[in-house]
Structures are given as structure tokens and as C-alpha cells.
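*Asks:* Got a structure for you, questions after.
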Amino acid sequence: QPNILETQTSLLTIASSSDRGQCATTAERTAAAALIVTLEESNSNTSPTTDSTIEGTWELLYSDTQLFRSSPFFMAGRAVCATEEEAKQYDWFCDMHREALAISRIGKVRQIISSARMTSEFEVKVGSVPFLPDFTPFAYSGGLPVTIEGAIVSTADITPTRSGSAWEIFMDTVEIKGSNIPFLRQILDNGLKLKSRDLGTFLEENVNDYTNPKPIFETTYLGNNMRISRDQDGKVFVYGKTSDVTEPTTYSNVDSDMGVTRLLEGINDSIFKFYI
């Protein structure tokens with residue numbers, strides 16, 4: 001009988017040293033996969049998606065694929081693929097999507113689960129001022145410490161499958177929250193969002209053989225504040241429960257100033273020390 005706590009600790013060690021799996025070596029991926037299977041085989045909860053302990057806020061700790069595929073939006077995109085070849089093309093697209101965003105830094109990735117709703121929050125930062133040598137006569141290895149940040153928030157309805165081991169996901173909306181870009185923040189906060197379900201319904205009514213995708217997201221382990229889930233291709237996502245909160249993050253504490261206020265405060269506190 002495996003020691004569950006030791007197994008979880010070993011998995012978390014790999015997760016933390018590899019940036020949630022993004023920098024994992026082949027050996028680390030192999031070791032993580034074995035630890036995950038050990039936890040899955042020890043799972044005694046056969047109907048985890050009907051268990052009230054699954055409700056709350058879950059941070060993504062490790063994945064063997066791109067972290068943004070934890071979002072129901074990307075799961076729905078995969079579910080549209082009708083053939084294995086299309087699925088491979090979608091995998092390639094997701095890999096290229098991450099490469100295109102290589103200059104960005106992924107922050108918190110979380111799922112907030114209530115009894116019938118999943119909210120995915122994907123926080124990201126990117127430098128807003130380009131490399132200075134392109135614009136100045138002096139050499140410097142970077143740009144100014146001013147960043148664009150925000151969270152891509154996807155929402156979906158979740159319905160437990162008959163067995164209770166998975167959810168059927170019905171994608172609803174995508175929006176940007178917590179943007180620190182002036183003026184754009186006000187527009188976004190006024191309710192601008194992509195209503196993907198409405199778009200899917202329109203396509204169902206006008207495109208032959210199209211149906212709104214409802215991917216299956218399985219929970220293969222639930223216990224000790226850890227959840228292991230797999231998408232329809234078996235790609236794995238390991239989450240840690242941080243609270244029982246089932247309400248999405250408001251991001252009301254993020255200033256829409258591209259971080260300039262924080263930068264100026266830091267300059268004053270560290271150099272000028274001028275206070276009124």
C-alpha cells in the first residue's frame with residue numbers, strides 16, 4: 001500500500017521545480033506520471049464530481065500539457081475535433097499558441113468550482129515597453145519595468161456524468177478581467193465578453209452537422225486537498241485546493257495604470273524617500 005502523503009510530496013517537488021511541468025525534463029515527466037498513476041489507483045472516491053468537497057478554489061500545480069488547456073474554452077475547442085488528425089492539429093496549434101506568447105509570464109491558473117459552474121482564471125503578465133537598445137543610444141538588456149497584466153476568465157456549466165466520475169462541460173463565456181490598461185479596463189468591466197455558447201447555438205442553426213461541444217473532464221483522484229483530472233485525451237491536470245470559496249475573483253484591487261503607480265512608489269521608497 002503506497003504512502004499517499006509521500007507520493008503527493010514527491011509529485012509536488014517535481015511540480016515546483018519544473019514550473020508546474022512547463023520546464024520538466026523527460027525523466028521528471030516520467031516520474032510524475034508514475035506518481036499520478038499511483039494516486040489514481042489509490043482513489044477510493046468513485047463519484048468525486050458529486051462530492052461537495054470538490055467545490056471551492058483549486059490552483060493548478062502541475063500538467064503534462066500547456067497550462068491554458070485547463071480552461072473549458074480550450075477543452076471545448078478540442079471537442080470540436082472530429083478525427084485523430086484534427087486532434088493532432090489542435091495539439092500543434094496549442095503548442096504554437098504558447099510559443100507565440102513566450103514573452104509573457106503565466107501567473108496563477110485556477111478553477112473555481114461550484115455545484116453547477118466552473119470558472120477558469122488564467123492570469124498573465126507581459127512587458128509593455130520593448131527592449132531599450134532599439135530606441136536609445138545606450139545598451140541595456142531589457143525594457144522598462146512596466147507590464148500589461150490581466151486574467152482570461154472562462155465560465156462553463158458543469159453536469160456530473162451518470163457515474164459521477166466526470167463532468168460534462170458546456171462552455172458559456174470568455175472575458176478579460178483585471179486588465180491594468182487605462183480606458184480598456186473600463187470597457188471590459190462594463191460587460192464586454194465573448195458569448196461562445198450563443199455563437200455555438202447560431203452555428204448549430206446554420207451549419208450542417210455542427211453541435212455545441214460538451215467535452216468530458218474526468219476527476220481521477222480527489223483527496224487531501226488534491227485533485228487530479230484528465231481531459232478527453234488523458235492529458236493530466238493536478239490541482240491543489242486553496243479554499244472553499246466558490247465565487248470568481250473580482251480583481252477590483254488591480255489598478256488600471258500598467259503598473260506605473262507601483263513603479264513610481266518603488267522609486268520613491270528606494271531612492272528619493274520623499275513623503276508628505
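For the C-alpha cells, the naming scheme is as follows: chains receive sequential letters (A, B, ...) according to their order of presentation, residues are indexed from 1 within each chain, and ligands are indexed from 1 in presentation order.
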Got a sec to tell me which of region 57-207 of chain A DSSP assigns to alpha helix (DSSP H), as a VMD selection string?
*Replies:* chain A and resid 72 to 80 84 to 100 184 to 189 196 to 206
*Asks:* Selection from above, C-alpha atoms, as a CSV table (one decimal), in the first residue's frame, can you write it?
*Replies:*
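For reference, result.csv as written:
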chain,number,residue,atom,x,y,z
A,72,PRO,CA,-13.1,24.9,-20.6
A,73,PHE,CA,-12.6,27.1,-23.6
A,74,PHE,CA,-9.7,25.1,-24.9
A,75,MET,CA,-11.4,21.8,-23.9
A,76,ALA,CA,-14.4,22.8,-26.0
A,77,GLY,CA,-12.0,23.6,-28.9
A,78,ARG,CA,-10.6,20.2,-28.7
A,79,ALA,CA,-14.0,18.6,-28.5
A,80,VAL,CA,-14.9,20.1,-31.9
A,84,GLU,CA,-7.5,11.9,-34.7
A,85,GLU,CA,-5.8,14.0,-37.4
A,86,GLU,CA,-7.8,17.1,-36.4
A,87,ALA,CA,-6.9,16.4,-32.7
A,88,LYS,CA,-3.2,16.4,-33.6
A,89,GLN,CA,-3.5,19.6,-35.5
A,90,TYR,CA,-5.2,21.1,-32.4
A,91,ASP,CA,-2.3,20.0,-30.2
A,92,TRP,CA,0.1,21.6,-32.7
A,93,PHE,CA,-2.0,24.8,-32.6
A,94,CYS,CA,-1.9,24.9,-28.8
A,95,ASP,CA,1.9,24.4,-28.8
A,96,MET,CA,2.4,27.2,-31.3
A,97,HIS,CA,0.0,29.4,-29.3
A,98,ARG,CA,2.3,29.1,-26.3
A,99,GLU,CA,5.4,29.7,-28.4
A,100,ALA,CA,3.8,32.9,-29.7
A,184,LEU,CA,-9.7,49.4,-21.9
A,185,ARG,CA,-10.3,48.3,-18.3
A,186,GLN,CA,-13.5,50.4,-18.1
A,187,ILE,CA,-14.7,48.9,-21.4
A,188,LEU,CA,-14.0,45.4,-20.2
A,189,ASP,CA,-15.6,46.0,-16.8
A,196,SER,CA,-19.3,31.4,-27.1
A,197,ARG,CA,-22.4,29.5,-26.2
A,198,ASP,CA,-24.6,31.9,-28.2
A,199,LEU,CA,-22.2,31.7,-31.1
A,200,GLY,CA,-22.3,27.9,-30.9
A,201,THR,CA,-26.1,28.0,-31.0
A,202,PHE,CA,-26.0,30.2,-34.0
A,203,LEU,CA,-23.7,27.7,-35.8
A,204,GLU,CA,-25.9,24.8,-34.8
A,205,GLU,CA,-28.8,26.5,-36.5
A,206,ASN,CA,-26.9,27.5,-39.7
*Asks:* Could you list, as a tab-separated table (two decimals) with all heavy atoms, in the first residue's frame, every residue within 12 Å of Ala31 (chain A), counting only C-alpha atoms and ignoring same-chain residues fewer than 2 positions away?
*Replies:*
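Now in around.tsv:
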chain	number	residue	atom	x	y	z
A	7	THR	N	3.76	10.19	-1.59
A	7	THR	CA	3.55	10.24	-3.04
A	7	THR	C	3.18	11.66	-3.47
A	7	THR	O	3.71	12.19	-4.47
A	7	THR	CB	2.44	9.26	-3.47
A	7	THR	OG1	2.79	7.94	-3.04
A	7	THR	CG2	2.27	9.25	-4.98
A	10	SER	N	6.27	13.94	-3.26
A	10	SER	CA	7.20	13.72	-4.37
A	10	SER	C	6.67	14.37	-5.64
A	10	SER	O	7.44	14.97	-6.42
A	10	SER	CB	7.40	12.21	-4.60
A	10	SER	OG	8.00	11.60	-3.47
A	11	LEU	N	5.37	14.28	-5.86
A	11	LEU	CA	4.77	14.90	-7.04
A	11	LEU	C	4.88	16.42	-6.96
A	11	LEU	O	5.21	17.09	-7.96
A	11	LEU	CB	3.30	14.47	-7.16
A	11	LEU	CG	2.50	15.09	-8.32
A	11	LEU	CD1	3.16	14.81	-9.66
A	11	LEU	CD2	1.06	14.56	-8.30
A	12	LEU	N	4.63	16.97	-5.79
A	12	LEU	CA	4.70	18.43	-5.62
A	12	LEU	C	6.14	18.94	-5.77
A	12	LEU	O	6.36	20.07	-6.24
A	12	LEU	CB	4.15	18.83	-4.25
A	12	LEU	CG	2.63	18.62	-4.07
A	12	LEU	CD1	2.21	18.96	-2.65
A	12	LEU	CD2	1.85	19.46	-5.07
A	13	THR	N	7.11	18.13	-5.40
A	13	THR	CA	8.51	18.51	-5.58
A	13	THR	C	8.83	18.67	-7.06
A	13	THR	O	9.47	19.65	-7.48
A	13	THR	CB	9.44	17.46	-4.95
A	13	THR	OG1	9.18	17.38	-3.54
A	13	THR	CG2	10.91	17.83	-5.18
A	14	ILE	N	8.37	17.72	-7.87
A	14	ILE	CA	8.58	17.82	-9.32
A	14	ILE	C	7.83	19.02	-9.88
A	14	ILE	O	8.36	19.78	-10.71
A	14	ILE	CB	8.12	16.52	-10.02
A	14	ILE	CG1	8.99	15.35	-9.58
A	14	ILE	CG2	8.16	16.69	-11.54
A	14	ILE	CD1	8.51	14.01	-10.10
A	15	ALA	N	6.61	19.22	-9.40
A	15	ALA	CA	5.79	20.33	-9.90
A	15	ALA	C	6.45	21.67	-9.63
A	15	ALA	O	6.51	22.55	-10.50
A	15	ALA	CB	4.40	20.28	-9.26
A	21	GLY	N	5.39	21.86	-14.45
A	21	GLY	CA	5.56	20.94	-15.56
A	21	GLY	C	6.03	21.60	-16.84
A	21	GLY	O	6.43	20.92	-17.78
A	24	ALA	N	9.67	20.70	-17.26
A	24	ALA	CA	10.01	19.35	-16.82
A	24	ALA	C	10.85	18.62	-17.87
A	24	ALA	O	10.60	18.72	-19.07
A	24	ALA	CB	8.74	18.56	-16.54
A	25	THR	N	11.85	17.89	-17.40
A	25	THR	CA	12.64	17.03	-18.28
A	25	THR	C	11.84	15.76	-18.56
A	25	THR	O	10.82	15.48	-17.92
A	25	THR	CB	13.97	16.65	-17.62
A	25	THR	OG1	13.70	15.88	-16.43
A	25	THR	CG2	14.76	17.90	-17.24
A	26	THR	N	12.34	14.97	-19.50
A	26	THR	CA	11.68	13.70	-19.81
A	26	THR	C	11.64	12.81	-18.58
A	26	THR	O	10.62	12.16	-18.29
A	26	THR	CB	12.42	12.98	-20.96
A	26	THR	OG1	12.40	13.82	-22.13
A	26	THR	CG2	11.75	11.66	-21.29
A	27	ALA	N	12.74	12.78	-17.83
A	27	ALA	CA	12.79	11.96	-16.62
A	27	ALA	C	11.78	12.44	-15.57
A	27	ALA	O	11.11	11.62	-14.91
A	27	ALA	CB	14.20	11.98	-16.03
A	28	GLU	N	11.65	13.75	-15.43
A	28	GLU	CA	10.69	14.30	-14.46
A	28	GLU	C	9.25	14.00	-14.90
A	28	GLU	O	8.40	13.67	-14.06
A	28	GLU	CB	10.90	15.81	-14.32
A	28	GLU	CG	12.16	16.17	-13.55
A	28	GLU	CD	12.44	17.65	-13.56
A	28	GLU	OE1	12.14	18.33	-14.57
A	28	GLU	OE2	12.96	18.17	-12.54
A	29	ARG	N	8.98	14.11	-16.19
A	29	ARG	CA	7.63	13.79	-16.68
A	29	ARG	C	7.29	12.33	-16.43
A	29	ARG	O	6.17	11.99	-16.04
A	29	ARG	CB	7.52	14.11	-18.17
A	29	ARG	CG	7.47	15.60	-18.48
A	29	ARG	CD	7.31	15.84	-19.97
A	29	ARG	NE	7.30	17.25	-20.29
A	29	ARG	CZ	6.21	18.02	-20.23
A	29	ARG	NH1	5.05	17.49	-19.89
A	29	ARG	NH2	6.28	19.31	-20.53
A	33	ALA	N	4.35	11.09	-13.97
A	33	ALA	CA	3.29	10.23	-14.49
A	33	ALA	C	3.10	9.00	-13.61
A	33	ALA	O	1.96	8.58	-13.34
A	33	ALA	CB	3.61	9.83	-15.92
A	34	ALA	N	4.20	8.41	-13.15
A	34	ALA	CA	4.11	7.23	-12.29
A	34	ALA	C	3.48	7.58	-10.95
A	34	ALA	O	2.65	6.81	-10.41
A	34	ALA	CB	5.51	6.64	-12.09
A	35	LEU	N	3.85	8.73	-10.38
A	35	LEU	CA	3.28	9.15	-9.10
A	35	LEU	C	1.78	9.42	-9.25
A	35	LEU	O	0.98	9.09	-8.36
A	35	LEU	CB	4.00	10.40	-8.60
A	35	LEU	CG	5.47	10.22	-8.21
A	35	LEU	CD1	6.15	11.57	-8.07
A	35	LEU	CD2	5.58	9.42	-6.91
A	36	ILE	N	1.40	10.04	-10.36
A	36	ILE	CA	-0.02	10.33	-10.61
A	36	ILE	C	-0.82	9.05	-10.72
A	36	ILE	O	-1.92	8.93	-10.14
A	36	ILE	CB	-0.15	11.20	-11.87
A	36	ILE	CG1	0.34	12.62	-11.59
A	36	ILE	CG2	-1.59	11.23	-12.38
A	36	ILE	CD1	0.55	13.48	-12.82
A	37	VAL	N	-0.30	8.07	-11.43
A	37	VAL	CA	-0.99	6.78	-11.56
A	37	VAL	C	-1.14	6.12	-10.19
A	37	VAL	O	-2.18	5.54	-9.87
A	37	VAL	CB	-0.24	5.87	-12.54
A	37	VAL	CG1	-0.79	4.44	-12.47
A	37	VAL	CG2	-0.36	6.40	-13.97
A	38	THR	N	-0.11	6.22	-9.36
A	38	THR	CA	-0.18	5.65	-8.01
A	38	THR	C	-1.33	6.28	-7.21
A	38	THR	O	-2.09	5.58	-6.54
A	38	THR	CB	1.15	5.87	-7.26
A	38	THR	OG1	2.19	5.17	-7.94
A	38	THR	CG2	1.06	5.36	-5.82
A	64	ASP	N	0.89	17.95	-17.76
A	64	ASP	CA	1.80	17.42	-18.78
A	64	ASP	C	1.51	18.03	-20.15
A	64	ASP	O	1.99	17.53	-21.17
A	64	ASP	CB	1.70	15.88	-18.83
A	64	ASP	CG	0.32	15.38	-19.21
A	64	ASP	OD1	-0.60	16.21	-19.41
A	64	ASP	OD2	0.15	14.14	-19.30
*Asks:* Quick one: residues within 10 Å of Glu247 (chain A), only C-alpha atoms, excluding same-chain residues fewer than 2 positions away - as a PDB file with all heavy atoms, in the first residue's frame?
*Replies:*
ATOM      1  N   GLY A  56     -15.009  24.618  -4.521  1.00  0.00           N
ATOM      2  CA  GLY A  56     -14.032  25.528  -3.939  1.00  0.00           C
ATOM      3  C   GLY A  56     -13.075  26.047  -4.994  1.00  0.00           C
ATOM      4  O   GLY A  56     -13.315  25.929  -6.198  1.00  0.00           O
ATOM      5  N   THR A  57     -11.982  26.646  -4.531  1.00  0.00           N
ATOM      6  CA  THR A  57     -10.971  27.227  -5.412  1.00  0.00           C
ATOM      7  C   THR A  57      -9.775  26.300  -5.506  1.00  0.00           C
ATOM      8  O   THR A  57      -9.190  25.925  -4.483  1.00  0.00           O
ATOM      9  CB  THR A  57     -10.536  28.609  -4.886  1.00  0.00           C
ATOM     10  OG1 THR A  57     -11.667  29.489  -4.858  1.00  0.00           O
ATOM     11  CG2 THR A  57      -9.457  29.213  -5.771  1.00  0.00           C
ATOM     12  N   ILE A 112     -12.424  27.528 -10.295  1.00  0.00           N
ATOM     13  CA  ILE A 112     -13.322  27.751  -9.164  1.00  0.00           C
ATOM     14  C   ILE A 112     -14.587  26.956  -9.441  1.00  0.00           C
ATOM     15  O   ILE A 112     -15.280  27.190 -10.436  1.00  0.00           O
ATOM     16  CB  ILE A 112     -13.618  29.247  -8.986  1.00  0.00           C
ATOM     17  CG1 ILE A 112     -12.299  30.009  -8.775  1.00  0.00           C
ATOM     18  CG2 ILE A 112     -14.571  29.483  -7.819  1.00  0.00           C
ATOM     19  CD1 ILE A 112     -12.433  31.505  -8.827  1.00  0.00           C
ATOM     20  N   ILE A 113     -14.857  26.004  -8.567  1.00  0.00           N
ATOM     21  CA  ILE A 113     -15.927  25.033  -8.795  1.00  0.00           C
ATOM     22  C   ILE A 113     -17.073  25.266  -7.821  1.00  0.00           C
ATOM     23  O   ILE A 113     -16.874  25.307  -6.604  1.00  0.00           O
ATOM     24  CB  ILE A 113     -15.411  23.587  -8.620  1.00  0.00           C
ATOM     25  CG1 ILE A 113     -14.183  23.330  -9.511  1.00  0.00           C
ATOM     26  CG2 ILE A 113     -16.517  22.580  -8.913  1.00  0.00           C
ATOM     27  CD1 ILE A 113     -14.432  23.428 -10.983  1.00  0.00           C
ATOM     28  N   SER A 114     -18.274  25.434  -8.355  1.00  0.00           N
ATOM     29  CA  SER A 114     -19.486  25.429  -7.532  1.00  0.00           C
ATOM     30  C   SER A 114     -20.297  24.195  -7.927  1.00  0.00           C
ATOM     31  O   SER A 114     -19.838  23.356  -8.700  1.00  0.00           O
ATOM     32  CB  SER A 114     -20.297  26.712  -7.741  1.00  0.00           C
ATOM     33  OG  SER A 114     -20.780  26.782  -9.070  1.00  0.00           O
ATOM     34  N   ARG A 117     -21.208  25.086 -11.742  1.00  0.00           N
ATOM     35  CA  ARG A 117     -20.495  26.070 -12.552  1.00  0.00           C
ATOM     36  C   ARG A 117     -18.988  25.933 -12.361  1.00  0.00           C
ATOM     37  O   ARG A 117     -18.511  25.683 -11.256  1.00  0.00           O
ATOM     38  CB  ARG A 117     -20.930  27.474 -12.133  1.00  0.00           C
ATOM     39  CG  ARG A 117     -20.560  28.594 -13.083  1.00  0.00           C
ATOM     40  CD  ARG A 117     -21.513  28.674 -14.239  1.00  0.00           C
ATOM     41  NE  ARG A 117     -21.366  29.942 -14.956  1.00  0.00           N
ATOM     42  CZ  ARG A 117     -21.874  30.159 -16.157  1.00  0.00           C
ATOM     43  NH1 ARG A 117     -22.552  29.199 -16.783  1.00  0.00           N
ATOM     44  NH2 ARG A 117     -21.725  31.322 -16.757  1.00  0.00           N
ATOM     45  N   MET A 118     -18.250  26.095 -13.449  1.00  0.00           N
ATOM     46  CA  MET A 118     -16.788  26.132 -13.407  1.00  0.00           C
ATOM     47  C   MET A 118     -16.325  27.475 -13.963  1.00  0.00           C
ATOM     48  O   MET A 118     -16.761  27.894 -15.036  1.00  0.00           O
ATOM     49  CB  MET A 118     -16.169  25.011 -14.243  1.00  0.00           C
ATOM     50  CG  MET A 118     -14.649  25.101 -14.395  1.00  0.00           C
ATOM     51  SD  MET A 118     -13.962  23.929 -15.603  1.00  0.00           S
ATOM     52  CE  MET A 118     -14.239  22.384 -14.743  1.00  0.00           C
ATOM     53  N   THR A 119     -15.454  28.147 -13.215  1.00  0.00           N
ATOM     54  CA  THR A 119     -14.820  29.372 -13.682  1.00  0.00           C
ATOM     55  C   THR A 119     -13.325  29.133 -13.745  1.00  0.00           C
ATOM     56  O   THR A 119     -12.710  28.739 -12.759  1.00  0.00           O
ATOM     57  CB  THR A 119     -15.118  30.559 -12.751  1.00  0.00           C
ATOM     58  OG1 THR A 119     -16.529  30.767 -12.671  1.00  0.00           O
ATOM     59  CG2 THR A 119     -14.454  31.828 -13.260  1.00  0.00           C
ATOM     60  N   ASP A 244     -12.478  27.074   0.208  1.00  0.00           N
ATOM     61  CA  ASP A 244     -13.818  26.605  -0.140  1.00  0.00           C
ATOM     62  C   ASP A 244     -14.615  27.666  -0.890  1.00  0.00           C
ATOM     63  O   ASP A 244     -15.810  27.482  -1.135  1.00  0.00           O
ATOM     64  CB  ASP A 244     -14.586  26.205   1.135  1.00  0.00           C
ATOM     65  CG  ASP A 244     -13.992  24.965   1.801  1.00  0.00           C
ATOM     66  OD1 ASP A 244     -13.546  24.069   1.069  1.00  0.00           O
ATOM     67  OD2 ASP A 244     -13.966  24.909   3.048  1.00  0.00           O
ATOM     68  N   VAL A 245     -13.974  28.769  -1.256  1.00  0.00           N
ATOM     69  CA  VAL A 245     -14.654  29.869  -1.956  1.00  0.00           C
ATOM     70  C   VAL A 245     -15.099  29.407  -3.342  1.00  0.00           C
ATOM     71  O   VAL A 245     -14.311  28.841  -4.107  1.00  0.00           O
ATOM     72  CB  VAL A 245     -13.729  31.093  -2.079  1.00  0.00           C
ATOM     73  CG1 VAL A 245     -14.366  32.170  -2.947  1.00  0.00           C
ATOM     74  CG2 VAL A 245     -13.404  31.645  -0.694  1.00  0.00           C
ATOM     75  N   THR A 249     -12.861  35.466  -8.732  1.00  0.00           N
ATOM     76  CA  THR A 249     -12.063  36.597  -8.280  1.00  0.00           C
ATOM     77  C   THR A 249     -12.594  37.887  -8.897  1.00  0.00           C
ATOM     78  O   THR A 249     -12.933  37.913 -10.080  1.00  0.00           O
ATOM     79  CB  THR A 249     -10.589  36.405  -8.675  1.00  0.00           C
ATOM     80  OG1 THR A 249     -10.143  35.124  -8.205  1.00  0.00           O
ATOM     81  CG2 THR A 249      -9.714  37.495  -8.084  1.00  0.00           C
ATOM     82  N   THR A 250     -12.670  38.967  -8.120  1.00  0.00           N
ATOM     83  CA  THR A 250     -13.214  40.223  -8.635  1.00  0.00           C
ATOM     84  C   THR A 250     -12.157  41.066  -9.346  1.00  0.00           C
ATOM     85  O   THR A 250     -12.485  41.837 -10.236  1.00  0.00           O
ATOM     86  CB  THR A 250     -13.816  41.063  -7.500  1.00  0.00           C
ATOM     87  OG1 THR A 250     -12.780  41.414  -6.564  1.00  0.00           O
ATOM     88  CG2 THR A 250     -14.908  40.274  -6.777  1.00  0.00           C
TER      89      THR A 250
END
*Asks:* Please extract the residues of region 8-185 of chain A with a backbone DSSP assignment of strand (DSSP E or B) and present them as number ranges by chain.
*Replies:* A: 56-63, 104-113, 117-127, 147-160, 166-177
*Asks:* Write out as an MDAnalysis selection string the residues lying within 12 Å of Gly234 (chain A), counting only C-alpha atoms and excluding same-chain residues fewer than 2 positions away.
*Replies:* chainID A and resid 33 37 63:65 75 216:220 228:232 236:237
*Asks:* My list of candidates is A:Ser16, A:Met171, A:Val153, A:Asn3. Which is closest to Pro215 (chain A) when distances are computed with only C-alpha atoms?
*Replies:*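 Nearest candidate to Pro215 (chain A) out of A:Ser16, A:Met171, A:Val153, A:Asn3: A:Met171.
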